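Reviewing the structure listed below.
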Amino acid sequence: VTQRADAGSRRSLNGTEPADLGRTGPWEQGSSLPLVRVENDRSAGVLARFPSVLGTSVSGRGALLAILERVVQPQSRIWLPSYFCPDVREAVRNSFANTLLALRDDPREAVFEMPTSRFAPDDVIVVQNLYGMRAEPEYDPALCQTCAIVEDHTHDPLSQWARTTDADYAFASLRKTFPVPDGGIVWSRAREELFPVVPNPQGMLEAIGDRVKAMLMKQEYLVGSGQIEKASYRAYEDSVEDAFGRLPHGTMTDVSAALLQVLPVDEWRAAHRRNFTFLAGRLRCAGFDVLEPRASEAAPFGVVVDLHDPELASHVRDGLLARDIYPSVLWEEAEEGVQGGFSKEHLVLKCDYRYDEFVLETVADVFLALAE
Ligand SMILES: Cc1ncc(COP(=O)(O)O)c(C=O)c1O
């Protein structure tokens with residue numbers, strides 16, 4: 001795969017000082033995923049990597065809600081990670097009258113907590129592989145007999161933990177990690193009953209069509225033909241998020257399923273690992289704290305820099321944005337059970353398959369110039 005966006009980046013970055021980024025041509029780092037050109041079909045596809053896919057959804061939250069529909073009973077309490085995607089928490093709250101409880105999951109800690117003595121029979125416990133950096137937990141076997149364990153692998157759907165898990169159910173949003181307009185899946189090695197195919201409302205399909213349009217236009221913009229303005233693809237980007245907030249979520253579209261068949265995901269995970277080592281190393285050497293992966297085969301999509309200071313984080317973020325480098329903040333909502341104000345003190349610098357050392361060197365230079 002040759003990502004034309006990268007070719008565009010390389011052209012406009014050549015000979016460019018960090019301070020001039022964004023003034024010399026189309027360049028973006030860290031923002032949403034454009035479509036990619038696929039040059040061969042040697043990939044076995046994403047879905048074939050999972051032991052047993054039981055169902056799909058257009059989104060991660062659709063996948064989780066389908067699982068919860070199946071396992072939640074009137075007496076169940078639903079445990080969600082304390083630091084978690086707010087849209088997902090909101091969707092669960094809107095769909096279930098059951099009590100929601102927080103499972104302490106502090107990004108600064110190596111592991112999330114499993115307060116076994118506080119769990120009751122039929123509770124549903126949702127855990128996540130935060131930033132794709134967590135190691136596979138060892139669950140108390142007694143817990144697995146009485147509660148349902150649901151794992152969220154959105155941040156690294158293809159980790160070893162994800163592919164070999166024995167949890168009752170695992171799910172992931174695929175649209176966040178792979179360049180597809182929609183997509184979420186549910187899999188399990190412990191359960192066999194398939195999830196029904198659910199049609200999407202027309203408004204959802206139209207919004208996903210807009211997302212395809214945005215991804216294509218963004219790809220063209222980054223090539224630098226000069227025919228597409230940034231505002232034109234940005235105008236289409238929000239419609240899918242708006243539909244996801246309003247409409248029921250049906251099964252993953254055939255467009256996304258087909259794209260997932262041909263993406264070279266093994267090469268991409270290797271690129272994540274290489275890029276993470278490079279960028280995290282640069283920042284660590286300069287004295288900055290980055291969160292450390294706990295699994296030896298982790299392939300994080302980003303380097304999470306902990307600046308320990310909200311004003312510094314905000315200053316660096318503004319400076320990066322002004323240079324078309326888009327750090328993400330997962331998540332902006334104040335967190336429960338997490339020490340300090342992590343959400344305001346960190347930035348995630350993307351180091352995914354779109355980038356190489358050349359681009360990441362520039363990102364590191366800009367970051368360090370701002371932060372120091
Ligand atoms: C850990 C995690 N789970 C679930 C989701 C929800 O995915 P979707 O937006 O496809 O519903 C996200 C989205 O960012 C996420 O980060």
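The way I read the labels, and the way they are meant: chains A, B, ... in the order of the structure tokens, residue 1 as the first residue of every chain, and ligand 1 as the first ligand shown, with later ones counted on from there.
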
- Would you list the contacts of Glu69 in chain A as a list in words, taking every protein, DNA or RNA residue within 12 Å and counting only C-alpha atoms, but skipping same-chain residues closer than 6 positions in sequence?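 The residues that qualify are Gly62, Ala63, Ser76, Ile78, Val92, Ser95, Phe96, Ala97, Asn98, Val124 and Phe195 of chain A.
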
- Task: For ligand 1, collect every residue having any atom at a distance of at most 7 Å from a ligand atom (counting only C-alpha atoms and all ligand atoms); output as a PyMOL selection string.
- Result: chain A and resi 59-62+84-85+87-88+128+130+152-155+172-176+183-184

Those same residues, written as a tab-separated table (two decimals), in the first residue's frame with N, CA, C and O atoms?
chain	number	residue	atom	x	y	z
A	59	SER	N	-20.81	0.57	14.44
A	59	SER	CA	-19.97	1.28	15.41
A	59	SER	C	-19.59	0.38	16.58
A	59	SER	O	-20.18	-0.70	16.78
A	60	GLY	N	-18.62	0.88	17.35
A	60	GLY	CA	-18.24	0.18	18.57
A	60	GLY	C	-19.37	0.17	19.58
A	60	GLY	O	-19.67	-0.84	20.20
A	61	ARG	N	-20.04	1.33	19.71
A	61	ARG	CA	-21.10	1.36	20.74
A	61	ARG	C	-22.28	0.49	20.34
A	61	ARG	O	-22.93	-0.11	21.19
A	62	GLY	N	-22.54	0.38	19.03
A	62	GLY	CA	-23.60	-0.51	18.56
A	62	GLY	C	-23.27	-1.95	18.94
A	62	GLY	O	-24.15	-2.72	19.36
A	84	PHE	N	-13.36	6.45	30.25
A	84	PHE	CA	-13.94	5.70	29.14
A	84	PHE	C	-14.57	6.68	28.16
A	84	PHE	O	-14.88	7.83	28.52
A	85	CYS	N	-14.79	6.21	26.95
A	85	CYS	CA	-15.39	7.04	25.90
A	85	CYS	C	-16.76	7.56	26.37
A	85	CYS	O	-17.69	6.77	26.61
A	87	ASP	N	-19.20	9.04	24.87
A	87	ASP	CA	-20.33	8.73	23.98
A	87	ASP	C	-20.85	7.32	24.26
A	87	ASP	O	-22.06	7.06	24.19
A	88	VAL	N	-19.94	6.43	24.57
A	88	VAL	CA	-20.35	5.04	24.81
A	88	VAL	C	-21.08	4.97	26.15
A	88	VAL	O	-22.14	4.34	26.27
A	128	GLN	N	-11.41	-2.50	29.29
A	128	GLN	CA	-10.88	-2.05	28.00
A	128	GLN	C	-9.36	-2.19	27.94
A	128	GLN	O	-8.68	-2.13	28.97
A	130	LEU	N	-6.98	-0.03	27.24
A	130	LEU	CA	-6.81	1.42	27.07
A	130	LEU	C	-5.54	1.74	26.29
A	130	LEU	O	-4.44	1.28	26.65
A	152	ASP	N	-13.46	-4.43	25.68
A	152	ASP	CA	-13.45	-3.44	24.61
A	152	ASP	C	-12.03	-3.36	24.04
A	152	ASP	O	-11.11	-2.90	24.72
A	153	HIS	N	-11.86	-3.81	22.79
A	153	HIS	CA	-10.54	-3.82	22.16
A	153	HIS	C	-10.41	-2.76	21.06
A	153	HIS	O	-9.58	-2.90	20.16
A	154	THR	N	-11.20	-1.70	21.17
A	154	THR	CA	-11.18	-0.66	20.13
A	154	THR	C	-9.78	-0.11	19.87
A	154	THR	O	-9.41	0.15	18.73
A	155	HIS	N	-8.98	0.04	20.90
A	155	HIS	CA	-7.69	0.72	20.71
A	155	HIS	C	-6.62	-0.18	20.10
A	155	HIS	O	-5.58	0.32	19.68
A	172	ALA	N	-15.07	-4.36	19.34
A	172	ALA	CA	-14.19	-3.24	18.98
A	172	ALA	C	-14.90	-2.37	17.97
A	172	ALA	O	-15.68	-2.85	17.15
A	173	SER	N	-14.59	-1.08	18.03
A	173	SER	CA	-14.96	-0.17	16.96
A	173	SER	C	-13.83	-0.29	15.94
A	173	SER	O	-12.68	-0.01	16.26
A	174	LEU	N	-14.14	-0.70	14.72
A	174	LEU	CA	-13.09	-0.83	13.70
A	174	LEU	C	-12.87	0.47	12.96
A	174	LEU	O	-11.80	0.72	12.41
A	175	ARG	N	-13.88	1.32	12.94
A	175	ARG	CA	-13.78	2.57	12.18
A	175	ARG	C	-12.79	3.54	12.80
A	175	ARG	O	-12.39	4.50	12.19
A	176	LYS	N	-12.43	3.29	14.06
A	176	LYS	CA	-11.49	4.20	14.73
A	176	LYS	C	-10.05	3.84	14.37
A	176	LYS	O	-9.17	4.70	14.38
A	183	GLY	N	-18.04	0.69	11.24
A	183	GLY	CA	-17.67	-0.69	11.55
A	183	GLY	C	-17.36	-0.94	13.00
A	183	GLY	O	-16.63	-0.21	13.65
A	184	GLY	N	-18.01	-1.98	13.51
A	184	GLY	CA	-17.74	-2.49	14.84
A	184	GLY	C	-17.99	-3.99	14.80
A	184	GLY	O	-18.80	-4.45	13.97

- Going by DSSP on the backbone, which bits of range 64-270 of chain A are strand (DSSP E or B)? Write them as number ranges by chain, please. A: 78-81, 100-103, 124-128, 148-152, 169-173, 184-187

- Message: I'd like the contact shell of Leu33 in chain A - 10 Å cut-off, only C-alpha atoms, skipping same-chain residues fewer than 4 positions apart - returned as a list in words.
- Response: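 With the cut-off at 10 Å, the set is Ala5, Arg175, Lys176, Thr177, Phe178, Pro179, Val180, Pro181, Ala214, Met215, Leu216, Lys218, Gln219 and Arg354 of chain A.
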
Got time to write the residues from that selection, N, CA, C and O atoms, as a short mmCIF file (atom, residue, chain, number, x, y, z; two decimals), in the first residue's frame?
data_model
loop_
_atom_site.label_atom_id
_atom_site.label_comp_id
_atom_site.auth_asym_id
_atom_site.auth_seq_id
_atom_site.Cartn_x
_atom_site.Cartn_y
_atom_site.Cartn_z
N ALA A 5 -1.42 10.08 0.91
CA ALA A 5 -1.30 11.17 1.88
C ALA A 5 0.15 11.32 2.32
O ALA A 5 0.65 12.43 2.47
N ARG A 175 -13.88 1.32 12.94
CA ARG A 175 -13.78 2.57 12.18
C ARG A 175 -12.79 3.54 12.80
O ARG A 175 -12.39 4.50 12.19
N LYS A 176 -12.43 3.29 14.06
CA LYS A 176 -11.49 4.20 14.73
C LYS A 176 -10.05 3.84 14.37
O LYS A 176 -9.17 4.70 14.38
N THR A 177 -9.78 2.58 14.12
CA THR A 177 -8.40 2.13 13.91
C THR A 177 -8.09 1.92 12.44
O THR A 177 -6.94 2.03 12.02
N PHE A 178 -9.10 1.56 11.65
CA PHE A 178 -8.87 1.25 10.24
C PHE A 178 -9.61 2.27 9.36
O PHE A 178 -10.63 2.81 9.77
N PRO A 179 -9.09 2.50 8.14
CA PRO A 179 -9.72 3.51 7.26
C PRO A 179 -10.98 2.97 6.60
O PRO A 179 -11.00 2.68 5.40
N VAL A 180 -12.03 2.82 7.39
CA VAL A 180 -13.33 2.39 6.88
C VAL A 180 -14.37 3.38 7.41
O VAL A 180 -14.19 3.92 8.49
N PRO A 181 -15.44 3.60 6.64
CA PRO A 181 -16.38 4.64 7.06
C PRO A 181 -17.21 4.27 8.29
O PRO A 181 -17.67 5.14 9.01
N ALA A 214 -16.12 12.19 2.50
CA ALA A 214 -15.10 12.95 3.24
C ALA A 214 -13.74 12.25 3.17
O ALA A 214 -12.71 12.90 2.97
N MET A 215 -13.74 10.92 3.31
CA MET A 215 -12.46 10.18 3.31
C MET A 215 -11.79 10.24 1.94
O MET A 215 -10.57 10.35 1.83
N LEU A 216 -12.60 10.19 0.87
CA LEU A 216 -12.04 10.28 -0.49
C LEU A 216 -11.50 11.68 -0.74
O LEU A 216 -10.40 11.85 -1.29
N LYS A 218 -10.52 13.84 1.41
CA LYS A 218 -9.35 14.11 2.23
C LYS A 218 -8.10 13.49 1.59
O LYS A 218 -7.02 14.08 1.59
N GLN A 219 -8.28 12.30 1.04
CA GLN A 219 -7.16 11.65 0.37
C GLN A 219 -6.66 12.54 -0.78
O GLN A 219 -5.46 12.76 -0.93
N ARG A 354 0.13 5.49 8.99
CA ARG A 354 0.24 6.53 7.96
C ARG A 354 1.61 7.20 7.97
O ARG A 354 1.98 7.87 7.02
#

- Message: For the structure I just gave you, how does DSSP split range 102-146 of chain A - specifically, which residues are alpha helix (DSSP H)? Reply as a PyMOL selection string.
- Response: chain A and resi 141-146

- Message: Could you check the closest approach to Glu28 in chain A for each of A:Leu222, A:Ala270, A:Leu330, A:Leu283 and tell me which residue wins, using only C-alpha atoms?
- Response: A:Leu222
